[in-house]
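Listing of entry05.txt; format and content: compact mmCIF, C-alpha atoms and all ligand atoms.
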# COMPACT_ATOMS: atom_id res chain seq x y z
CA MET J 1 0.72 -0.57 16.28
CA ARG J 2 0.89 1.31 19.61
CA ARG J 3 4.11 3.10 20.58
CA SER J 4 4.98 4.85 23.80
CA VAL J 5 5.30 8.63 23.64
CA GLN J 6 9.03 8.30 24.40
CA GLU J 7 9.53 5.84 21.56
CA ARG J 8 7.63 8.07 19.12
CA ASP J 9 9.61 11.15 20.21
CA LEU J 10 12.89 9.29 19.81
CA ILE J 11 12.01 8.13 16.28
CA LEU J 12 10.88 11.59 15.22
CA SER J 13 13.85 13.37 16.75
CA THR J 14 16.21 10.92 14.99
CA VAL J 15 14.56 11.76 11.65
CA ALA J 16 14.49 15.51 12.42
CA THR J 17 18.20 15.49 13.33
CA PHE J 18 19.01 13.63 10.11
CA VAL J 19 16.99 16.21 8.13
CA ASP J 20 18.60 19.22 9.85
CA ARG J 21 22.19 17.95 9.83
CA GLU J 22 22.36 16.00 6.59
CA VAL J 23 19.45 16.74 4.24
CA ARG J 24 18.87 20.50 4.48
CA PRO J 25 22.52 21.52 4.10
CA THR J 26 22.97 19.43 0.93
CA ALA J 27 19.55 19.32 -0.77
CA SER J 28 19.74 22.44 -2.95
CA ALA J 29 23.26 21.73 -4.20
CA LEU J 30 22.44 18.10 -5.06
CA GLU J 31 19.22 19.18 -6.70
CA HIS J 32 20.86 21.88 -8.81
CA ARG J 33 23.49 19.34 -9.96
CA ASN J 34 20.67 16.88 -10.74
CA GLU J 35 22.45 14.30 -8.59
CA TYR J 36 20.80 11.24 -7.10
CA PRO J 37 21.06 11.47 -3.28
CA ALA J 38 22.82 8.12 -2.88
CA ALA J 39 24.51 8.96 0.46
CA LEU J 40 21.28 10.27 1.98
CA VAL J 41 19.38 7.18 0.83
CA GLU J 42 22.09 5.06 2.44
CA ARG J 43 21.62 6.94 5.72
CA MET J 44 17.85 6.46 5.53
CA ARG J 45 18.53 2.77 5.20
CA ASP J 46 20.78 2.88 8.32
CA ILE J 47 18.03 4.65 10.27
CA GLY J 48 15.61 1.88 9.26
CA LEU J 49 13.15 4.04 7.33
CA PHE J 50 12.57 1.54 4.52
CA GLY J 51 10.72 -0.89 6.76
CA ILE J 52 8.43 1.46 8.73
CA ASN J 53 5.23 -0.08 7.37
CA VAL J 54 6.47 -3.68 7.18
CA PRO J 55 5.31 -6.08 9.94
CA ARG J 56 7.95 -7.16 12.47
CA GLU J 57 7.72 -10.79 11.37
CA TYR J 58 9.15 -9.68 8.00
CA GLY J 59 11.92 -7.53 9.47
CA GLY J 60 10.12 -4.18 9.62
CA THR J 61 8.98 -1.92 12.44
CA GLU J 62 5.35 -1.26 11.37
CA LEU J 63 5.09 2.11 13.05
CA GLY J 64 1.48 2.89 12.12
CA ALA J 65 0.05 5.54 9.81
CA VAL J 66 0.20 8.52 12.18
CA LEU J 67 3.91 8.16 12.85
CA TYR J 68 4.47 7.33 9.18
CA ALA J 69 2.83 10.68 8.25
CA GLU J 70 4.92 12.55 10.82
CA ILE J 71 8.10 11.02 9.41
CA PHE J 72 7.13 12.09 5.89
CA GLU J 73 6.42 15.61 7.10
CA GLU J 74 9.96 15.75 8.51
CA LEU J 75 11.61 14.32 5.38
CA ALA J 76 9.74 16.65 3.03
CA ARG J 77 10.74 19.59 5.22
CA GLY J 78 14.28 18.69 4.18
CA TRP J 79 13.91 17.65 0.57
CA MET J 80 11.07 16.27 -1.50
CA SER J 81 13.35 13.87 -3.38
CA VAL J 82 14.31 11.81 -0.32
CA ALA J 83 10.65 11.63 0.71
CA GLY J 84 9.82 10.49 -2.84
CA VAL J 85 12.40 7.68 -2.89
CA LEU J 86 10.96 6.34 0.35
CA GLY J 87 7.28 7.00 -0.41
CA THR J 88 7.02 4.88 -3.52
CA HIS J 89 9.04 2.07 -1.89
CA LEU J 90 6.61 1.96 1.03
CA VAL J 91 3.62 1.82 -1.31
CA ILE J 92 5.09 -1.41 -2.70
CA CYS J 93 5.53 -2.76 0.83
CA ASP J 94 1.93 -1.89 1.58
CA ILE J 95 0.59 -3.64 -1.53
CA LEU J 96 2.65 -6.78 -0.85
CA LYS J 97 1.72 -6.78 2.83
CA HIS J 98 -2.00 -6.75 2.02
CA HIS J 99 -2.17 -8.69 -1.24
CA GLY J 100 1.08 -10.62 -1.72
CA THR J 101 1.07 -14.42 -1.67
CA PRO J 102 2.66 -16.00 1.45
CA GLU J 103 5.71 -16.85 -0.70
CA GLN J 104 6.02 -13.26 -2.00
CA LYS J 105 5.73 -11.83 1.52
CA GLN J 106 8.32 -14.24 2.91
CA ARG J 107 10.80 -13.65 0.12
CA LEU J 108 10.33 -9.96 -0.72
CA LEU J 109 9.25 -8.06 2.39
CA PRO J 110 12.48 -8.67 4.40
CA THR J 111 14.68 -7.49 1.53
CA LEU J 112 12.45 -4.43 1.07
CA ALA J 113 12.41 -3.68 4.81
CA SER J 114 16.20 -3.70 4.95
CA ALA J 115 16.38 -1.73 1.66
CA ALA J 116 18.66 -4.40 0.23
CA ARG J 117 16.28 -3.98 -2.69
CA ARG J 118 13.98 -1.03 -3.22
CA GLY J 119 10.50 -0.85 -4.69
CA ALA J 120 8.86 1.05 -7.55
CA LEU J 121 5.25 1.36 -8.63
CA ALA J 122 4.65 1.15 -12.38
CA LEU J 123 1.15 2.31 -13.26
CA THR J 124 1.49 5.27 -15.58
CA GLU J 125 2.00 4.90 -19.33
CA PRO J 126 2.42 7.43 -22.12
CA GLU J 127 -1.33 7.18 -22.85
CA ALA J 128 -2.65 6.37 -19.36
CA GLY J 129 -2.27 8.45 -16.21
CA SER J 130 -5.46 9.37 -14.32
CA ASP J 131 -7.41 6.96 -16.48
CA LEU J 132 -5.77 3.66 -15.60
CA ARG J 133 -8.37 1.75 -17.57
CA ALA J 134 -6.55 2.99 -20.68
CA ILE J 135 -3.48 0.93 -19.79
CA ARG J 136 -2.09 -0.87 -22.84
CA THR J 137 0.59 -3.06 -21.24
CA THR J 138 -0.58 -6.65 -21.59
CA ALA J 139 0.12 -9.72 -19.49
CA VAL J 140 -0.35 -13.03 -21.32
CA ARG J 141 -0.03 -16.40 -19.65
CA GLU J 142 2.56 -18.75 -21.16
CA GLY J 143 2.68 -22.03 -19.24
CA SER J 144 3.34 -21.25 -15.60
CA GLU J 145 4.45 -17.68 -16.34
CA TYR J 146 3.06 -14.39 -17.52
CA VAL J 147 4.76 -12.39 -20.24
CA LEU J 148 4.32 -8.62 -19.91
CA ASN J 149 4.54 -6.38 -22.94
CA GLY J 150 4.37 -2.58 -22.90
CA SER J 151 6.00 0.59 -21.65
CA LYS J 152 5.61 2.64 -18.50
CA MET J 153 6.76 6.15 -17.75
CA TRP J 154 7.13 8.57 -14.82
CA ILE J 155 8.17 5.69 -12.57
CA THR J 156 9.88 6.96 -9.42
CA ASN J 157 12.79 4.67 -8.41
CA ALA J 158 12.78 3.00 -11.85
CA ARG J 159 16.55 3.22 -12.12
CA HIS J 160 17.41 2.45 -8.50
CA GLY J 161 14.48 0.20 -7.61
CA GLU J 162 14.56 -3.55 -8.15
CA ILE J 163 11.12 -4.79 -7.20
CA PHE J 164 8.32 -3.31 -9.26
CA VAL J 165 4.59 -3.68 -8.94
CA ALA J 166 3.24 -3.17 -12.47
CA LEU J 167 -0.35 -2.91 -13.58
CA ALA J 168 -1.12 -4.77 -16.81
CA ARG J 169 -4.11 -5.79 -18.87
CA THR J 170 -5.12 -9.44 -18.50
CA GLY J 171 -8.37 -9.15 -20.45
CA PRO J 172 -10.60 -6.57 -22.14
CA ASP J 173 -12.05 -5.54 -18.76
CA SER J 174 -9.45 -6.77 -16.32
CA LEU J 175 -6.26 -5.29 -14.97
CA SER J 176 -3.90 -7.24 -12.69
CA ALA J 177 -0.97 -6.22 -10.53
CA PHE J 178 2.28 -8.12 -11.15
CA VAL J 179 5.48 -8.25 -9.17
CA VAL J 180 8.34 -7.71 -11.61
CA GLU J 181 11.85 -8.17 -10.26
CA LYS J 182 14.90 -6.85 -12.05
CA GLY J 183 17.16 -9.76 -12.94
CA GLU J 184 17.28 -12.85 -15.07
CA GLN J 185 13.57 -13.63 -15.02
CA SER J 186 12.78 -10.14 -16.31
CA ALA J 187 15.54 -9.98 -18.89
CA GLY J 188 13.39 -7.84 -21.17
CA LEU J 189 12.92 -5.11 -18.53
CA ARG J 190 14.80 -1.96 -19.50
CA VAL J 191 14.90 1.53 -18.00
CA THR J 192 15.49 3.57 -21.11
CA ARG J 193 15.84 7.19 -20.04
CA ASP J 194 15.69 9.67 -17.19
CA LEU J 195 13.07 12.40 -17.59
CA ASP J 196 14.08 16.03 -17.25
CA LYS J 197 11.84 17.48 -14.58
CA LEU J 198 11.06 20.87 -13.04
CA GLY J 199 12.01 19.62 -9.57
CA TYR J 200 11.90 16.43 -7.51
CA LYS J 201 15.03 14.72 -8.74
CA GLY J 202 15.50 11.39 -7.60
CA SER J 203 9.73 9.45 -7.59
CA GLY J 204 -5.40 -5.78 -10.02
CA LEU J 205 -6.53 -1.93 -9.55
CA ARG J 206 -8.06 -2.86 -6.17
CA HIS J 207 -4.68 -4.09 -4.95
CA VAL J 208 -3.00 -0.97 -6.17
CA MET J 209 -5.71 1.20 -4.59
CA THR J 210 -4.80 -0.15 -1.14
CA GLY J 211 -1.32 1.23 -1.67
CA LEU J 212 -2.69 4.51 -2.99
CA GLU J 213 -4.69 5.15 0.21
CA ALA J 214 -1.41 5.09 2.13
CA GLU J 215 0.30 7.02 -0.65
CA ARG J 216 -2.26 9.81 -0.36
CA ILE J 217 -1.50 10.10 3.34
CA ASN J 218 2.20 10.28 2.57
CA VAL J 219 1.73 12.83 -0.23
CA ALA J 220 -0.43 14.92 2.14
CA ALA J 221 2.26 14.72 4.81
CA ARG J 222 4.86 15.72 2.24
CA GLY J 223 2.71 18.75 1.43
CA VAL J 224 2.66 19.71 5.11
CA GLY J 225 6.43 19.25 5.37
CA LEU J 226 7.17 21.30 2.27
CA ALA J 227 4.82 24.10 3.38
CA ARG J 228 6.43 24.06 6.81
CA ALA J 229 9.90 24.44 5.29
CA ALA J 230 8.65 27.40 3.22
CA LEU J 231 7.05 29.03 6.27
CA ASP J 232 10.21 28.53 8.38
CA GLU J 233 12.26 30.23 5.69
CA ALA J 234 9.76 33.08 5.36
CA VAL J 235 9.59 33.68 9.13
CA ARG J 236 13.37 33.70 9.42
CA TYR J 237 13.80 36.03 6.47
CA ALA J 238 11.03 38.40 7.55
CA GLN J 239 12.86 39.05 10.80
CA VAL J 240 16.17 39.99 9.20
CA ARG J 241 15.11 41.79 6.02
CA ARG J 242 14.48 45.47 6.70
CA THR J 243 12.47 47.94 4.63
CA PHE J 244 11.36 51.44 5.55
CA GLY J 245 13.35 51.36 8.77
CA LYS J 246 12.09 48.08 10.25
CA PRO J 247 12.11 44.32 9.72
CA ILE J 248 9.46 43.36 7.16
CA ALA J 249 7.98 41.06 9.86
CA GLU J 250 6.73 44.26 11.52
CA HIS J 251 4.69 45.26 8.47
CA GLN J 252 1.15 44.14 9.05
CA ALA J 253 0.72 42.90 5.47
CA ILE J 254 3.56 40.41 6.00
CA GLN J 255 2.13 39.34 9.37
CA MET J 256 -1.24 38.60 7.72
CA MET J 257 0.49 36.37 5.18
CA LEU J 258 2.50 34.52 7.84
CA ALA J 259 -0.62 33.97 9.96
CA ASP J 260 -2.59 32.58 7.01
CA MET J 261 0.31 30.34 5.97
CA ALA J 262 0.68 28.89 9.48
CA THR J 263 -3.08 28.38 9.86
CA LYS J 264 -3.40 26.52 6.57
CA ILE J 265 -0.43 24.31 7.46
CA GLU J 266 -1.94 23.36 10.80
CA ALA J 267 -5.31 22.59 9.14
CA ALA J 268 -3.50 20.42 6.56
CA ARG J 269 -1.61 18.60 9.31
CA GLN J 270 -4.81 17.87 11.24
CA LEU J 271 -6.60 16.55 8.13
CA THR J 272 -3.62 14.29 7.42
CA ARG J 273 -3.58 13.07 10.99
CA PHE J 274 -7.33 12.42 10.90
CA ALA J 275 -6.93 10.17 7.84
CA ALA J 276 -3.91 8.42 9.37
CA GLU J 277 -5.75 7.75 12.64
CA LYS J 278 -8.59 6.17 10.70
CA LYS J 279 -6.12 3.96 8.86
CA ASP J 280 -4.51 2.96 12.16
CA ARG J 281 -7.92 1.88 13.45
CA GLY J 282 -8.19 -0.41 10.40
CA ASP J 283 -11.01 1.63 8.82
CA ARG J 284 -11.16 2.63 5.17
CA CYS J 285 -9.90 6.17 4.80
CA ASP J 286 -9.92 6.81 1.05
CA LEU J 287 -12.22 9.84 1.43
CA GLU J 288 -10.26 11.37 4.31
CA ALA J 289 -6.90 10.61 2.68
CA GLY J 290 -8.17 12.22 -0.54
CA MET J 291 -9.31 15.35 1.33
CA ALA J 292 -5.98 15.56 3.19
CA LYS J 293 -4.03 15.10 -0.06
CA LEU J 294 -6.09 17.76 -1.82
CA PHE J 295 -5.89 20.36 0.95
CA ALA J 296 -2.29 19.78 2.02
CA THR J 297 -0.87 19.85 -1.50
CA GLU J 298 -2.80 22.98 -2.51
CA THR J 299 -1.51 24.48 0.75
CA ALA J 300 2.06 23.54 -0.20
CA GLN J 301 1.65 25.31 -3.52
CA GLU J 302 0.10 28.45 -1.99
CA VAL J 303 2.51 28.66 0.93
CA SER J 304 5.61 28.18 -1.22
CA LEU J 305 4.44 31.04 -3.46
CA ASP J 306 3.69 33.20 -0.39
CA ALA J 307 7.20 32.46 0.92
CA MET J 308 8.62 33.50 -2.45
CA ARG J 309 6.70 36.79 -2.25
CA ILE J 310 8.02 37.43 1.26
CA LEU J 311 11.59 36.85 0.13
CA GLY J 312 11.10 39.21 -2.82
CA ALA J 313 13.81 38.82 -5.45
CA ASN J 314 15.75 36.49 -3.15
CA GLY J 315 12.82 34.09 -3.35
CA TYR J 316 13.48 33.87 -7.06
CA SER J 317 17.17 33.14 -6.56
CA THR J 318 18.80 29.73 -6.31
CA ASP J 319 20.83 31.09 -3.34
CA PHE J 320 17.72 30.47 -1.21
CA PRO J 321 15.76 27.19 -0.96
CA VAL J 322 12.32 28.74 -1.54
CA GLU J 323 12.61 28.44 -5.34
CA ARG J 324 13.09 24.67 -4.83
CA PHE J 325 9.98 24.43 -2.65
CA TYR J 326 8.06 26.34 -5.31
CA ARG J 327 9.19 23.91 -8.03
CA ASP J 328 8.55 20.79 -5.94
CA ALA J 329 5.00 21.71 -4.87
CA PRO J 330 3.23 21.07 -8.22
CA LEU J 331 4.44 17.47 -8.27
CA LEU J 332 2.34 16.86 -5.16
CA ILE J 333 -0.73 18.24 -6.92
CA ILE J 334 -0.22 15.84 -9.85
CA GLY J 335 1.23 12.69 -8.20
CA GLY J 336 -0.77 10.14 -6.19
CA GLY J 337 -3.89 10.97 -8.25
CA THR J 338 -4.28 14.58 -9.45
CA ASN J 339 -6.23 17.00 -7.29
CA GLU J 340 -8.95 17.17 -9.94
CA ILE J 341 -9.38 13.42 -9.52
CA GLN J 342 -9.39 13.78 -5.71
CA ARG J 343 -12.20 16.34 -6.02
CA ILE J 344 -14.21 13.99 -8.24
CA VAL J 345 -13.77 11.12 -5.75
CA ILE J 346 -14.74 13.35 -2.80
CA ALA J 347 -17.80 14.71 -4.62
CA ARG J 348 -18.93 11.22 -5.66
CA SER J 349 -18.75 10.07 -2.09
CA LEU J 350 -20.85 13.05 -0.94
CA LEU J 351 -23.44 12.40 -3.62
CA LYS J 352 -23.60 8.73 -2.63
CA LYS J 353 -24.13 9.64 1.04
CA HIS J 354 -26.89 12.17 0.38
CA VAL J 355 -29.08 10.57 -2.24
CA THR J 356 -32.28 12.56 -2.85
CA THR J 357 -35.31 10.63 -3.98
C1 LIG J 401 7.59 13.51 -10.58
C2 LIG J 401 6.55 12.48 -10.84
C3 LIG J 401 6.66 11.21 -10.30
C4 LIG J 401 5.74 10.22 -10.62
N1 LIG J 401 5.91 8.95 -10.12
C5 LIG J 401 5.09 7.96 -10.56
C6 LIG J 401 5.33 6.59 -10.16
O1 LIG J 401 6.23 6.29 -9.38
N2 LIG J 401 4.54 5.62 -10.68
C7 LIG J 401 3.51 5.90 -11.54
O2 LIG J 401 2.84 4.96 -11.97
N3 LIG J 401 3.23 7.18 -11.92
C8 LIG J 401 4.01 8.21 -11.45
N4 LIG J 401 3.77 9.51 -11.86
C9 LIG J 401 2.67 9.78 -12.77
C10 LIG J 401 1.44 10.37 -12.10
O3 LIG J 401 0.81 9.41 -11.28
C11 LIG J 401 0.53 10.87 -13.21
O4 LIG J 401 1.17 11.99 -13.79
C12 LIG J 401 -0.86 11.25 -12.72
O5 LIG J 401 -1.60 10.10 -12.38
C13 LIG J 401 -1.64 12.06 -13.76
O6 LIG J 401 -1.63 11.44 -15.01
P1 LIG J 401 -1.20 12.26 -16.32
O7 LIG J 401 0.02 13.03 -16.05
O8 LIG J 401 -1.20 11.31 -17.45
O9 LIG J 401 -2.35 13.31 -16.52
P2 LIG J 401 -3.76 13.05 -17.25
O10 LIG J 401 -4.44 11.86 -16.69
O11 LIG J 401 -3.55 13.10 -18.73
O12 LIG J 401 -4.55 14.34 -16.81
C14 LIG J 401 -4.34 15.62 -17.42
C15 LIG J 401 -5.24 16.66 -16.72
O13 LIG J 401 -6.62 16.29 -16.89
C16 LIG J 401 -7.22 16.16 -15.60
N5 LIG J 401 -8.23 15.08 -15.65
C17 LIG J 401 -8.04 13.79 -16.04
N6 LIG J 401 -9.19 13.12 -15.97
C18 LIG J 401 -10.13 13.99 -15.51
C19 LIG J 401 -11.53 13.90 -15.21
N7 LIG J 401 -12.21 12.75 -15.30
N8 LIG J 401 -12.17 15.00 -14.78
C20 LIG J 401 -11.49 16.16 -14.62
N9 LIG J 401 -10.18 16.33 -14.87
C21 LIG J 401 -9.52 15.26 -15.32
C22 LIG J 401 -6.09 15.85 -14.64
O14 LIG J 401 -6.42 16.19 -13.29
C23 LIG J 401 -4.99 16.74 -15.21
O15 LIG J 401 -5.23 18.06 -14.78
C24 LIG J 401 4.63 10.53 -11.48
C25 LIG J 401 4.47 11.84 -11.96
C26 LIG J 401 5.41 12.82 -11.66
C27 LIG J 401 5.21 14.21 -12.21

Transcribe the structure of this file into structure tokens.
Ligand SMILES: Cc1cc2nc3c(=O)[nH]c(=O)nc-3n(C[C@H](O)[C@H](O)[C@H](O)COP(=O)(O)OP(=O)(O)OC[C@H]3O[C@@H](n4cnc5c(N)ncnc54)[C@H](O)[C@@H]3O)c2cc1C
Amino acid sequence: MRRSVQERDLILSTVATFVDREVRPTASALEHRNEYPAALVERMRDIGLFGINVPREYGGTELGAVLYAEIFEELARGWMSVAGVLGTHLVICDILKHHGTPEQKQRLLPTLASAARRGALALTEPEAGSDLRAIRTTAVREGSEYVLNGSKMWITNARHGEIFVALARTGPDSLSAFVVEKGEQSAGLRVTRDLDKLGYKGSGLRHVMTGLEAERINVAARGVGLARAALDEAVRYAQVRRTFGKPIAEHQAIQMMLADMATKIEAARQLTRFAAEKKDRGDRCDLEAGMAKLFATETAQEVSLDAMRILGANGYSTDFPVERFYRDAPLLIIGGGTNEIQRIVIARSLLKKHVTT
């Protein structure tokens, strides 16, 4: 959907102001207390972020993939957890938008767009992560209903989400995506425990893949945002920390690091934008989204470590946010399809394009 430059700037500046005034000042404290950011999620609902990929006819604003990526960059600059809460919700909106029945779209998309109910994606199981064909959860038809049996884990929004899309086995070689709503009809659905994590406190196969294309763009954008936050902190610190009679920013070795960090971030942003533009044109962008996800998340990891080096011991202290960036970065490498899997998908596509006879 086309937006005027003024409209885009207004949306982005609203999100940036929210991040600077409300997310950044509270993120580390909430994270260290392992507290769910309920007030921040409420504010994101007020701003209208939960419907940014939902068509207007269902109560959303359908901003398009480029603006969507820019919003995720901003949110992740503040705190990965708020970006995670929103990211997985929007994947559900995307799957329903493209593959839901007319009844499901009519009934579920407006409540998702207003965040009256939030979404969660339930793919992963104890024995099935990258290899989704190993999924053991079964779905068996009983009369007009399906009964699902199995357990999922690592499900972002499991506790606070109410509308799940779950992948289950419907035959020896077939997997199907089911909408599972918390409530009477899903009386057997239980969220049993919260996992203790390093950071990030809060996150039919073809149908799910549609959502994952968009998810890869949002994970890539989160990588850019996190790396940008780490660079901002490093630049600020380098100008105030003095060694050997001058700010460390005047040592050439530090300048080399800052220049490399900034260059990688810009390259990651452009790759992400390239994939998002393709998606906005209605083209398939799995390859480009995979490349963006791979590069941007590896950049987030490298840049957060570089920032930690620039801050020296303070980088290792919970008084500064860089340790949080450093702990949040690996999630991006694992989530949304690990980077090893991205590399395999990218390589396969190259080999398909350049077949030698
Ligand atoms: C914080 C967090 C939030 C998450 N949120 C969700 C969520 O909301 N919903 C959800 O469904 N899942 C979620 N996940 C799970 C995530 O999608 C999986 O962790 C991911 O798909 C990888 O699966 P796995 O951990 O089982 O690793 P595995 O699949 O066991 O992989 C282990 C290692 O082997 C590598 N590997 C696997 N296969 C190959 C291969 N063919 N070739 C080369 N290397 C290979 C992997 O890259 C990895 O390095 C989340 C994970 C985390 C950490």

(message) At a cut-off of 7 Å and counting all atoms listed in the file, what residues surround ligand LIG 401 (chain J)? Please answer as a VMD selection string.
(response) chain J and resid 88 120 to 124 127 to 131 153 to 157 200 203 331 334 to 341 344

(message) With all atoms listed in the file as the counted atoms, please give the residues lying no more than 8 Å from Ile163 in chain J, apart from itself and same-chain residues fewer than 2 positions off, as a list in words.
(response) Arg117, Arg118, Gly119, Ala120, Gly161, Val165, Val179, Val180, Glu181 and Lys182 of chain J

(message) Residues near Leu132 in chain J, anyone? I mean within 12 Å using all atoms listed in the file, not counting same-chain ones fewer than 2 positions away, as a list in words.
(response) Ala122, Leu123, Thr124, Glu125, Pro126, Glu127, Ala128, Gly129, Ser130, Ala134, Ile135, Arg136, Thr137, Lys152, Ala166, Leu167, Ala168, Arg169, Asp173, Ser174, Leu175, Ser176, Gly204, Leu205, Arg206, Val208, Met209 and Gly337 of chain J

(request) Find the residues near Arg3 in chain J: any atom within 12 Å, counting only C-alpha atoms, skip ones fewer than 5 places away on the same chain, and give them as an MDAnalysis selection string. (result) chainID J and resid 8:11 61:67

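Distances here use only C-alpha atoms; by that measure, the residue among J:Arg348, J:Arg324, J:Arg77, J:His32 closest to Asp232 in chain J is J:Arg77.
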
(request) Could you pull out every residue with an atom within 12 Å of (0.2, 28.0, 5.7), file coordinates, counting all atoms listed in the file, and send them as a PyMOL selection string? (result) chain J and resi 223-232+234-235+256-269+295-307

Using C-alpha atoms, can you export the residues from the last selection as a short mmCIF file (atom, residue, chain, number, x, y, z; two decimals), in the frame of the given file?
data_model
loop_
_atom_site.label_atom_id
_atom_site.label_comp_id
_atom_site.auth_asym_id
_atom_site.auth_seq_id
_atom_site.Cartn_x
_atom_site.Cartn_y
_atom_site.Cartn_z
CA GLY J 223 2.71 18.75 1.43
CA VAL J 224 2.66 19.71 5.11
CA GLY J 225 6.43 19.25 5.37
CA LEU J 226 7.17 21.30 2.27
CA ALA J 227 4.82 24.10 3.38
CA ARG J 228 6.43 24.06 6.81
CA ALA J 229 9.90 24.44 5.29
CA ALA J 230 8.65 27.40 3.22
CA LEU J 231 7.05 29.03 6.27
CA ASP J 232 10.21 28.53 8.38
CA ALA J 234 9.76 33.08 5.36
CA VAL J 235 9.59 33.68 9.13
CA MET J 256 -1.24 38.60 7.72
CA MET J 257 0.49 36.37 5.18
CA LEU J 258 2.50 34.52 7.84
CA ALA J 259 -0.62 33.97 9.96
CA ASP J 260 -2.59 32.58 7.01
CA MET J 261 0.31 30.34 5.97
CA ALA J 262 0.68 28.89 9.48
CA THR J 263 -3.08 28.38 9.86
CA LYS J 264 -3.40 26.52 6.57
CA ILE J 265 -0.43 24.31 7.46
CA GLU J 266 -1.94 23.36 10.80
CA ALA J 267 -5.31 22.59 9.14
CA ALA J 268 -3.50 20.42 6.56
CA ARG J 269 -1.61 18.60 9.31
CA PHE J 295 -5.89 20.36 0.95
CA ALA J 296 -2.29 19.78 2.02
CA THR J 297 -0.87 19.85 -1.50
CA GLU J 298 -2.80 22.98 -2.51
CA THR J 299 -1.51 24.48 0.75
CA ALA J 300 2.06 23.54 -0.20
CA GLN J 301 1.65 25.31 -3.52
CA GLU J 302 0.10 28.45 -1.99
CA VAL J 303 2.51 28.66 0.93
CA SER J 304 5.61 28.18 -1.22
CA LEU J 305 4.44 31.04 -3.46
CA ASP J 306 3.69 33.20 -0.39
CA ALA J 307 7.20 32.46 0.92
#

Save range 226-241 of chain J from what I just supplied, as a short mmCIF file (atom, residue, chain, number, x, y, z; two decimals), in the first residue's frame, atoms limited to C-alpha atoms.
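Once written, result30.cif looks like this:
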data_model
loop_
_atom_site.label_atom_id
_atom_site.label_comp_id
_atom_site.auth_asym_id
_atom_site.auth_seq_id
_atom_site.Cartn_x
_atom_site.Cartn_y
_atom_site.Cartn_z
CA LEU J 226 19.70 -4.08 17.64
CA ALA J 227 23.00 -3.40 15.85
CA ARG J 228 22.07 0.26 15.55
CA ALA J 229 21.40 0.49 19.29
CA ALA J 230 24.80 -1.11 19.98
CA LEU J 231 26.56 1.28 17.58
CA ASP J 232 24.80 4.33 19.11
CA GLU J 233 25.98 3.26 22.55
CA ALA J 234 29.52 2.63 21.33
CA VAL J 235 29.75 6.00 19.53
CA ARG J 236 28.46 7.85 22.58
CA TYR J 237 30.79 6.03 24.94
CA ALA J 238 33.84 6.41 22.69
CA GLN J 239 33.49 10.17 22.84
CA VAL J 240 33.41 10.40 26.63
CA ARG J 241 35.78 7.63 27.71
#
